[in-house]
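Containing compact mmCIF, C-alpha atoms: input_12.txt.
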# COMPACT_ATOMS: atom_id res chain seq x y z
CA MET A 101 0.80 -47.26 -11.66
CA ARG A 102 2.75 -48.57 -14.66
CA ALA A 103 -0.26 -48.20 -16.97
CA ALA A 104 -0.85 -44.68 -15.68
CA VAL A 105 2.79 -43.77 -16.39
CA VAL A 106 2.60 -45.12 -19.95
CA LEU A 107 -0.64 -43.26 -20.62
CA ARG A 108 0.81 -40.06 -19.17
CA ALA A 109 3.94 -40.44 -21.32
CA PHE A 110 1.71 -40.67 -24.40
CA GLU A 111 -0.21 -37.53 -23.36
CA ILE A 112 3.06 -35.63 -22.89
CA LEU A 113 4.32 -36.80 -26.29
CA VAL A 114 1.15 -35.51 -27.96
CA VAL A 115 1.46 -32.09 -26.27
CA LEU A 116 5.14 -31.81 -27.20
CA THR A 117 4.50 -32.87 -30.78
CA PHE A 118 1.89 -30.17 -31.29
CA ALA A 119 4.20 -27.67 -29.59
CA GLY A 120 7.02 -28.61 -31.94
CA VAL A 121 4.82 -28.01 -34.95
CA ARG A 122 3.74 -24.63 -33.56
CA ALA A 123 7.36 -23.68 -32.91
CA LEU A 124 8.15 -24.03 -36.62
CA PHE A 125 5.77 -21.17 -37.36
CA SER A 126 6.21 -19.00 -34.29
CA ARG A 127 8.86 -16.50 -33.26
CA ARG A 128 7.52 -16.21 -29.73
CA ARG A 129 9.12 -19.43 -28.56
CA ALA A 130 9.55 -18.29 -24.96
CA ASP A 131 5.78 -17.76 -24.70
CA LEU A 132 5.22 -21.11 -26.39
CA LEU A 133 7.45 -22.85 -23.86
CA ALA A 134 5.52 -21.31 -20.98
CA ASP A 135 2.23 -22.35 -22.59
CA VAL A 136 3.42 -25.95 -23.01
CA VAL A 137 4.45 -26.14 -19.35
CA VAL A 138 1.02 -24.93 -18.24
CA ARG A 139 -0.68 -27.49 -20.49
CA LEU A 140 1.41 -30.30 -19.03
CA GLY A 141 0.03 -29.64 -15.56
CA PRO A 142 1.09 -28.89 -11.99
CA THR A 143 4.15 -31.14 -11.77
CA PHE A 144 5.66 -29.57 -14.87
CA LEU A 145 4.76 -26.10 -13.60
CA LYS A 146 6.79 -26.74 -10.49
CA VAL A 147 9.64 -28.44 -12.39
CA ALA A 148 9.78 -25.48 -14.80
CA GLN A 149 9.91 -22.99 -11.94
CA LEU A 150 12.79 -24.89 -10.37
CA LEU A 151 14.68 -25.35 -13.64
CA GLY A 152 14.19 -21.64 -14.35
CA THR A 153 16.69 -20.95 -11.58
CA ARG A 154 19.19 -23.70 -12.49
CA VAL A 155 21.67 -21.68 -14.51
CA ASP A 156 24.17 -24.45 -13.81
CA VAL A 157 22.41 -26.83 -16.23
CA VAL A 158 19.94 -24.77 -18.31
CA PRO A 159 20.95 -22.06 -20.84
CA LEU A 160 20.22 -18.54 -19.62
CA GLU A 161 17.67 -17.81 -22.35
CA VAL A 162 15.71 -20.92 -21.35
CA CYS A 163 15.91 -19.91 -17.68
CA ARG A 164 14.43 -16.54 -18.58
CA ALA A 165 11.61 -18.17 -20.52
CA LEU A 166 10.83 -20.55 -17.66
CA ALA A 167 10.89 -17.63 -15.21
CA ARG A 168 7.71 -16.42 -16.91
CA VAL A 169 5.90 -19.56 -15.81
CA TYR A 170 3.85 -18.92 -12.71
CA ASP A 171 1.04 -20.61 -10.83
CA ASP A 172 -2.32 -19.13 -11.76
CA LEU A 173 -4.68 -21.89 -10.76
CA PRO A 174 -8.14 -21.79 -9.22
CA ALA A 175 -8.23 -22.33 -5.47
CA VAL A 176 -9.81 -25.44 -4.04
CA PRO A 177 -13.21 -24.29 -2.69
CA VAL A 178 -13.18 -23.50 1.02
CA SER A 179 -15.84 -26.15 1.71
CA GLU A 180 -13.65 -28.83 0.11
CA ALA A 181 -10.46 -27.61 1.76
CA GLU A 182 -12.11 -27.63 5.19
CA GLN A 183 -12.69 -31.36 4.86
CA ARG A 184 -8.92 -31.81 5.01
CA PHE A 185 -8.49 -29.66 8.13
CA PRO A 186 -7.71 -31.53 11.37
CA ALA A 187 -10.76 -31.70 13.65
CA ARG A 188 -9.25 -29.34 16.22
CA LEU A 189 -8.64 -26.70 13.55
CA ARG A 190 -12.19 -26.97 12.21
CA ALA A 191 -13.57 -26.62 15.71
CA ASP A 192 -11.57 -23.50 16.52
CA LEU A 193 -11.98 -21.60 13.23
CA VAL A 194 -14.54 -18.81 13.02
CA GLY A 195 -13.81 -17.75 9.43
CA VAL A 196 -11.81 -18.83 6.37
CA VAL A 197 -11.15 -17.11 3.03
CA PRO A 198 -8.91 -18.07 0.06
CA ALA A 199 -5.61 -16.17 -0.14
CA ALA A 200 -3.47 -17.84 -2.84
CA ALA A 201 -3.48 -20.90 -5.09
CA GLY A 202 -0.43 -22.72 -6.43
CA SER A 203 0.23 -25.94 -8.29
CA ILE A 204 0.98 -27.93 -5.13
CA ALA A 205 -1.13 -26.23 -2.47
CA CYS A 206 -3.65 -23.50 -1.72
CA VAL A 207 -3.38 -20.97 1.08
CA TYR A 208 -6.30 -19.63 3.12
CA ARG A 209 -6.53 -16.93 5.77
CA GLY A 210 -8.42 -17.84 8.90
CA GLU A 211 -9.34 -16.47 12.30
CA LEU A 212 -9.39 -18.57 15.46
CA ARG A 213 -11.81 -18.25 18.35
CA ASP A 214 -9.07 -16.74 20.50
CA GLY A 215 -8.61 -13.92 17.98
CA ARG A 216 -5.40 -15.13 16.36
CA HIS A 217 -5.13 -14.84 12.59
CA VAL A 218 -3.59 -17.80 10.78
CA ALA A 219 -2.40 -18.81 7.33
CA ILE A 220 -3.54 -22.30 6.38
CA LYS A 221 -1.66 -24.12 3.61
CA VAL A 222 -3.55 -27.11 2.23
CA ARG A 223 -2.15 -29.66 -0.18
CA ARG A 224 -4.24 -30.14 -3.32
CA PRO A 225 -6.23 -33.41 -3.30
CA GLY A 226 -4.48 -36.20 -5.24
CA ILE A 227 -1.42 -34.09 -6.06
CA ASP A 228 0.93 -36.72 -4.58
CA ARG A 229 -0.23 -39.32 -7.14
CA VAL A 230 0.05 -36.81 -10.00
CA VAL A 231 3.60 -35.85 -8.99
CA ALA A 232 4.70 -39.48 -8.55
CA ARG A 233 3.38 -40.40 -12.01
CA ASP A 234 4.93 -37.40 -13.79
CA LEU A 235 8.30 -37.73 -12.07
CA ALA A 236 8.38 -41.39 -13.11
CA VAL A 237 7.95 -40.29 -16.72
CA LEU A 238 10.68 -37.64 -16.38
CA GLY A 239 13.01 -40.18 -14.78
CA SER A 240 12.58 -42.56 -17.72
CA VAL A 241 13.25 -39.77 -20.21
CA ALA A 242 16.35 -38.71 -18.26
CA ARG A 243 17.77 -42.24 -18.26
CA LEU A 244 17.20 -42.52 -22.01
CA ALA A 245 18.79 -39.10 -22.69
CA GLU A 246 21.82 -39.93 -20.58
CA SER A 247 22.31 -43.35 -22.18
CA LEU A 248 22.18 -41.79 -25.67
CA ARG A 249 24.43 -38.89 -24.54
CA VAL A 250 22.14 -36.45 -26.34
CA LEU A 251 23.15 -33.66 -23.96
CA GLY A 252 26.89 -34.02 -24.22
CA GLY A 253 27.42 -36.24 -21.22
CA MET A 254 25.61 -33.99 -18.75
CA PRO A 255 24.42 -35.99 -15.69
CA VAL A 256 20.76 -35.72 -16.70
CA VAL A 257 19.60 -38.40 -14.28
CA ASP A 258 21.21 -36.61 -11.33
CA VAL A 259 19.74 -33.24 -12.34
CA VAL A 260 16.24 -34.66 -12.80
CA GLY A 261 16.66 -36.51 -9.51
CA GLU A 262 17.57 -33.28 -7.69
CA VAL A 263 14.64 -31.40 -9.22
CA GLY A 264 12.31 -34.30 -8.47
CA ASP A 265 13.47 -34.35 -4.85
CA ALA A 266 12.77 -30.61 -4.62
CA VAL A 267 9.24 -31.13 -5.96
CA ARG A 268 8.58 -34.02 -3.57
CA GLN A 269 9.90 -31.95 -0.69
CA GLN A 270 7.21 -29.36 -1.39
CA LEU A 271 4.63 -32.09 -0.78
CA ASP A 272 6.06 -32.78 2.66
CA PHE A 273 4.47 -30.28 5.02
CA GLY A 274 6.16 -31.88 8.00
CA ALA A 275 9.56 -31.09 6.47
CA GLU A 276 8.44 -27.56 5.63
CA ALA A 277 7.23 -26.99 9.18
CA ALA A 278 10.60 -28.18 10.51
CA ALA A 279 12.43 -25.88 8.05
CA LEU A 280 10.31 -22.89 9.10
CA ARG A 281 11.06 -23.54 12.75
CA GLU A 282 14.80 -23.92 12.09
CA LEU A 283 14.97 -20.86 9.85
CA GLY A 284 13.13 -18.84 12.49
CA ALA A 285 15.58 -19.94 15.16
CA ASN A 286 18.65 -19.39 12.98
CA LEU A 287 17.65 -15.97 11.66
CA VAL A 288 17.17 -14.50 15.12
CA ALA A 289 20.86 -13.70 14.61
CA VAL A 290 19.96 -11.24 11.80
CA ALA A 291 18.17 -8.13 13.03
CA GLY A 292 15.01 -7.27 11.13
CA VAL A 293 14.13 -10.74 9.78
CA ARG A 294 10.84 -12.44 10.59
CA VAL A 295 9.72 -16.01 9.83
CA PRO A 296 6.11 -16.96 10.69
CA ASP A 297 5.69 -19.30 13.64
CA VAL A 298 4.25 -22.74 12.97
CA ILE A 299 1.17 -23.52 15.08
CA ASP A 300 1.79 -27.22 15.62
CA GLU A 301 -1.45 -28.15 17.33
CA TYR A 302 -3.45 -27.36 14.18
CA CYS A 303 -1.17 -28.98 11.59
CA GLY A 304 -1.85 -32.28 9.84
CA PRO A 305 -0.31 -34.41 7.04
CA ASP A 306 -1.98 -32.26 4.36
CA VAL A 307 -2.26 -29.01 6.33
CA LEU A 308 0.35 -26.53 7.55
CA VAL A 309 -0.87 -23.76 9.85
CA MET A 310 1.24 -20.67 10.56
CA GLU A 311 0.68 -17.31 12.14
CA HIS A 312 -0.63 -14.81 9.60
CA LEU A 313 1.52 -11.70 9.48
CA PRO A 314 -0.56 -8.68 8.45
CA GLY A 315 0.56 -6.25 5.78
CA LEU A 316 2.48 -8.65 3.53
CA ARG A 317 0.67 -7.50 0.40
CA ASP A 318 -0.32 -3.95 1.35
CA GLY A 319 2.09 -2.34 -1.11
CA ALA A 320 2.42 0.75 1.14
CA VAL A 321 6.19 0.40 1.61
CA SER A 322 8.54 3.32 0.99
CA ALA A 323 11.62 3.05 -1.21
CA GLU A 324 13.82 3.44 1.88
CA ALA A 325 12.02 0.59 3.65
CA LYS A 326 12.32 -1.66 0.59
CA ARG A 327 16.03 -0.98 0.40
CA ALA A 328 16.54 -1.72 4.10
CA ALA A 329 14.48 -4.92 3.87
CA THR A 330 16.33 -6.13 0.78
CA ILE A 331 19.75 -5.64 2.36
CA THR A 332 18.46 -7.38 5.48
CA ALA A 333 17.29 -10.29 3.32
CA LEU A 334 20.73 -10.48 1.70
CA ARG A 335 22.33 -10.71 5.14
CA ALA A 336 19.84 -13.43 6.04
CA VAL A 337 20.91 -15.42 2.98
CA TYR A 338 24.56 -15.01 3.94
CA GLN A 339 23.71 -16.23 7.43
CA MET A 340 22.05 -19.31 5.90
CA ILE A 341 24.86 -20.05 3.44
CA PHE A 342 28.02 -19.35 5.40
CA LEU A 343 26.97 -20.12 8.98
CA ASP A 344 23.80 -22.19 9.31
CA GLY A 345 23.91 -24.47 6.26
CA LEU A 346 20.11 -24.50 5.81
CA VAL A 347 19.40 -22.48 2.67
CA HIS A 348 16.06 -21.11 1.46
CA CYS A 349 16.41 -21.45 -2.33
CA ASP A 350 13.20 -19.74 -3.39
CA LEU A 351 13.34 -16.13 -2.18
CA HIS A 352 11.39 -14.59 -5.06
CA PRO A 353 9.03 -11.66 -4.29
CA GLY A 354 6.16 -14.03 -3.48
CA ASN A 355 8.15 -15.55 -0.61
CA LEU A 356 10.03 -12.46 0.55
CA TYR A 357 8.23 -9.33 1.73
CA ALA A 358 9.48 -5.86 2.64
CA MET A 359 7.58 -4.35 5.56
CA PRO A 360 6.92 -0.64 6.21
CA ASP A 361 9.42 -0.58 9.10
CA GLY A 362 12.22 -1.89 6.85
CA SER A 363 12.12 -5.45 8.17
CA ALA A 364 11.92 -8.52 5.92
CA VAL A 365 9.48 -11.43 6.18
CA ILE A 366 10.44 -14.83 4.74
CA VAL A 367 7.69 -17.36 4.09
CA ASP A 368 7.13 -20.71 2.35
CA ALA A 369 10.08 -22.94 3.24
CA GLY A 370 9.03 -25.69 0.85
CA PHE A 371 12.29 -25.45 -1.11
CA CYS A 372 15.11 -25.43 1.41
CA ARG A 373 18.34 -27.35 1.06
CA ARG A 374 20.80 -28.37 3.74
CA MET A 375 24.52 -28.06 2.99
CA THR A 376 27.03 -30.47 4.42
CA GLU A 377 29.56 -28.94 6.79
CA SER A 378 32.35 -29.64 4.32
CA GLY A 379 30.29 -28.09 1.52
CA ARG A 380 29.52 -25.02 3.61
CA ARG A 381 33.18 -24.46 4.41
CA ALA A 382 34.21 -25.09 0.78
CA PHE A 383 31.73 -22.52 -0.48
CA ALA A 384 32.88 -19.99 2.11
CA GLY A 385 36.47 -20.58 0.97
CA PHE A 386 35.50 -20.14 -2.68
CA PHE A 387 33.65 -16.89 -2.01
CA TYR A 388 36.53 -15.49 0.07
CA ARG A 389 39.10 -16.31 -2.60
CA MET A 390 36.87 -14.78 -5.27
CA THR A 391 36.76 -11.51 -3.32
CA ARG A 392 40.56 -11.61 -3.20
CA GLY A 393 40.80 -12.13 -6.97
CA ASP A 394 42.55 -15.49 -6.51
CA GLY A 395 41.20 -17.43 -9.49
CA ALA A 396 43.66 -20.30 -9.12
CA ALA A 397 42.55 -20.96 -5.54
CA CYS A 398 38.89 -20.71 -6.63
CA ALA A 399 39.61 -23.34 -9.29
CA ASP A 400 41.18 -25.61 -6.67
CA VAL A 401 38.03 -25.42 -4.52
CA VAL A 402 35.72 -26.22 -7.45
CA LEU A 403 37.92 -29.07 -8.70
CA ALA A 404 37.96 -30.58 -5.21
CA THR A 405 34.15 -30.62 -5.04
CA ALA A 406 32.90 -31.10 -8.63
CA THR A 407 32.32 -34.48 -10.24
CA ALA A 408 34.60 -35.25 -13.18
CA THR A 409 33.28 -36.89 -16.34
CA ALA A 410 35.15 -38.92 -18.96
CA ARG A 411 35.96 -35.74 -20.89
CA SER A 412 37.05 -33.61 -17.93
CA ASP A 413 39.83 -31.07 -18.53
CA PRO A 414 41.03 -29.73 -15.16
CA GLU A 415 43.80 -27.53 -16.55
CA GLY A 416 41.50 -25.97 -19.13
CA PHE A 417 39.00 -25.25 -16.38
CA ARG A 418 41.71 -23.73 -14.17
CA THR A 419 42.79 -21.36 -16.94
CA GLY A 420 39.20 -20.29 -17.60
CA MET A 421 38.49 -19.84 -13.88
CA ILE A 422 41.49 -17.55 -13.44
CA ARG A 423 40.31 -15.37 -16.32
CA LEU A 424 36.74 -15.31 -15.01
CA VAL A 425 37.73 -14.23 -11.50
CA GLU A 426 40.16 -11.62 -12.83
CA SER A 427 37.40 -10.20 -15.03
CA ALA A 428 34.89 -10.15 -12.14
CA THR A 429 37.25 -8.45 -9.70
CA ARG A 430 38.12 -5.77 -12.25
CA ASP A 431 34.45 -4.72 -12.29
CA SER A 432 33.26 -1.93 -10.04
CA VAL A 433 30.51 -2.61 -7.53
CA ALA A 434 27.97 -1.11 -9.92
CA ASP A 435 29.18 -3.27 -12.82
CA PHE A 436 29.48 -6.64 -11.07
CA ASP A 437 26.48 -8.77 -11.95
CA LEU A 438 26.03 -12.08 -10.15
CA VAL A 439 23.91 -13.78 -12.81
CA PRO A 440 26.37 -13.47 -15.73
CA PHE A 441 29.22 -14.48 -13.40
CA THR A 442 27.27 -17.55 -12.31
CA VAL A 443 26.29 -18.45 -15.88
CA ARG A 444 29.93 -18.24 -16.97
CA LEU A 445 31.11 -20.26 -13.96
CA PHE A 446 28.75 -23.14 -14.66
CA ALA A 447 29.35 -22.91 -18.42
CA LEU A 448 33.07 -23.33 -17.72
CA GLN A 449 32.36 -26.45 -15.71
CA ARG A 450 30.20 -27.95 -18.46
CA GLU A 451 32.71 -27.00 -21.15
CA HIS A 452 35.50 -28.78 -19.30
CA GLY A 453 33.55 -31.88 -18.32
CA LEU A 454 32.78 -31.08 -14.67
CA ALA A 455 29.40 -31.51 -12.96
CA ALA A 456 28.73 -28.86 -10.32
CA ASP A 457 28.50 -30.01 -6.73
CA PRO A 458 25.14 -29.27 -5.01
CA ALA A 459 27.19 -27.55 -2.30
CA PHE A 460 27.75 -24.82 -4.89
CA VAL A 461 24.50 -25.00 -6.81
CA PHE A 462 22.05 -24.31 -3.99
CA PRO A 463 23.74 -21.38 -2.22
CA ILE A 464 24.36 -19.68 -5.56
CA LEU A 465 20.78 -20.45 -6.54
CA SER A 466 19.55 -18.68 -3.41
CA LEU A 467 21.58 -15.58 -4.29
CA VAL A 468 20.56 -15.63 -7.96
CA VAL A 469 16.85 -15.76 -7.09
CA LEU A 470 17.32 -12.77 -4.77
CA GLU A 471 19.56 -10.87 -7.19
CA GLY A 472 16.72 -9.51 -9.33
CA THR A 473 15.15 -7.85 -6.31
CA LEU A 474 18.52 -6.51 -5.20
CA ARG A 475 19.22 -4.90 -8.56
CA GLU A 476 15.77 -3.37 -8.73
CA VAL A 477 15.78 -1.88 -5.24
CA CYS A 478 19.44 -1.20 -4.46
CA ALA A 479 21.61 -1.52 -7.54
CA ASP A 480 24.71 -0.22 -5.75
CA VAL A 481 24.82 -2.94 -3.12
CA ASP A 482 28.30 -4.41 -2.63
CA PHE A 483 27.84 -8.18 -2.41
CA GLN A 484 31.40 -8.75 -1.28
CA THR A 485 31.44 -6.18 1.53
CA GLU A 486 28.11 -7.40 2.88
CA ALA A 487 29.25 -11.02 2.72
CA LEU A 488 32.73 -10.71 4.22
CA PRO A 489 31.82 -10.79 7.95
CA PHE A 490 29.70 -13.91 7.39
CA VAL A 491 32.36 -15.52 5.19
CA LEU A 492 35.14 -15.01 7.73
CA ARG A 493 33.02 -16.41 10.55
CA GLY A 494 31.98 -19.32 8.34
CA MET A 495 35.58 -20.21 7.57
CA MET A 496 36.42 -20.30 11.27
CA THR A 497 33.56 -22.60 12.34
Encoded form (structure tokens):
Amino acid sequence: MRAAVVLRAFEILVVLTFAGVRALFSRRRADLLADVVVRLGPTFLKVAQLLGTRVDVVPLEVCRALARVYDDLPAVPVSEAEQRFPARLRADLVGVVPAAAGSIACVYRGELRDGRHVAIKVRRPGIDRVVARDLAVLGSVARLAESLRVLGGMPVVDVVGEVGDAVRQQLDFGAEAAALRELGANLVAVAGVRVPDVIDEYCGPDVLVMEHLPGLRDGAVSAEAKRAATITALRAVYQMIFLDGLVHCDLHPGNLYAMPDGSAVIVDAGFCRRMTESGRRAFAGFFYRMTRGDGAACADVVLATATATARSDPEGFRTGMIRLVESATRDSVADFDLVPFTVRLFALQREHGLAADPAFVFPILSLVVLEGTLREVCADVDFQTEALPFVLRGMMT
């Protein structure tokens, strides 16, 4: 393994060196960054996708460049994928066709002998070894960067560790199956939300089998239905964040579907994060105080949860937080934009030597990922009004 890591580190260095030379002569650096990530392979594709949402640690312009990175890989042939199916699944299938292909897994549609239609998610062969090797390289680079303080004292090792954990989690189909079941049970409380059922008897270590919900990619959804589904999805996220504590952090359009009847379907629970009870309550308290325009109280919540560094400046942060909340609450519903608010919040923390607590990163991440869809479909949505019933209940539990 050690030799493989060293060889891989050399390969990465060569790719980055050539990219650096190209960057000197190119103005399209965002496209160049996306190209480099693709060249580095599936682990870096997934890491880039995750970092593209981490406005707490990555500059916004870099996030936007990484957001252009998407999985566009060939599917593993059906004949090869079938070899990884559990015997019972192979025996009961009457037809299988490819449906989607990502960096970690491929998805196939199948029909069972009893007439049920299923979605079959199959882990790519050997991807666990590839991910382990690449994350070892990234971990070494993070330790070196942190020891040299090349990023201003940012906890690089912790950030890389969190991203690495998220990538490894997407290899664990048992954990994803458990998350799907729990999300399905939790979101019964939100009318109009559907999570596919896991079909346990056909699952295996490398295979996750779910019910296939028809119409996810039909495109025949009216503007009214899209609006209803998007608001329903927002309520589902508030249910996760303020009440349940299990948060789906990857609700981009490929994992969230509007249906013709206005309902919302949530799929692919490979990137879910569980909040601690104390973290859930702290975030609910922060959100409530933000809606009240109480910047000082918001600062108190953040200071009580964030990790201080050697250069931390609590009073400077408090002053900046008060100004930020005052500015946000002066905005009208139409003018309030979650992404700039979030970018400024995390920039304040970095500026004043505070490392954001995951209890804040992941719920905000879930909202930020959804925000683009919200603005496209229903720009006038009032985040605060929609959230308040969930926030108040969350503060009381």
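Here CA of Phe490 (chain A) stands at a distance of 21.2 Å from CA of Gly362 (chain A).
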Compare A:Cys303, A:Ala382, A:Ile331, A:Met340 by their minimum atom-to-atom distance to Ala187 (chain A), counting all atoms listed in the file, and give me the closest one.
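Going through A:Cys303, A:Ala382, A:Ile331, A:Met340 one by one, the smallest distance to Ala187 (chain A) is for A:Cys303.
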Gap from CA of Val309 (chain A) to CA of Phe342 (chain A) - Å, one decimal:
29.6 Å
Check the smallest atom-to-atom distance from each of A:Ala191, A:Cys206, A:Ala134, A:Met421 to Leu403 (chain A) using all atoms listed in the file, then report the winner.
A:Met421
For Gln183 (chain A), work out the shell of residues within 12 Å, counting all atoms listed in the file and skipping chain neighbours fewer than 2 positions away, then give it as number ranges by chain.
A: 176-181, 185-187, 189-191, 222-225, 304, 306-307
Between CA of Ala148 (chain A) and CA of Gly274 (chain A), what distance in Å does the model show, to one decimal?
24.0 Å
Quick one: everything within 9 Å of Arg418 (chain A), counting all atoms listed in the file, minus sequence neighbours fewer than 6 positions away in the same chain. Send it as a ChimeraX atom specification.
/A:395-396,398-400,403
Shell around Ala328 (chain A) at 9 Å using only C-alpha atoms, local window under 5 positions removed, as a list in words:
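The neighbour list is Ala323, Ala333, Ala358, Asp361, Gly362, Ser363 and Ala364 of chain A.
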Can you pull out every residue within 8 Å of region 257-261 of chain A, counting all atoms listed in the file, but drop anything in the same chain fewer than 2 positions away, and send it as JSON, numbers by chain?
{"A": [157, 238, 239, 242, 243, 246, 255, 263, 264, 265]}
Counting only C-alpha atoms, select every polymer residue within 9 Å of (-3.4, -20.0, -2.5) as defined in the file's coordinates, and provide the selection as a PyMOL selection string.
chain A and resi 173-176+198-202+205-208+221-222
Report, as JSON, the centre and edge lengths in Å (one decimal) of the axis-aligned box enclosing every listed atom of region 470-479 of chain A, padded by 5 Å on each side.
{"center_x": 18.4, "center_y": -7.0, "center_z": -6.9, "size_x": 16.5, "size_y": 21.6, "size_z": 14.9}
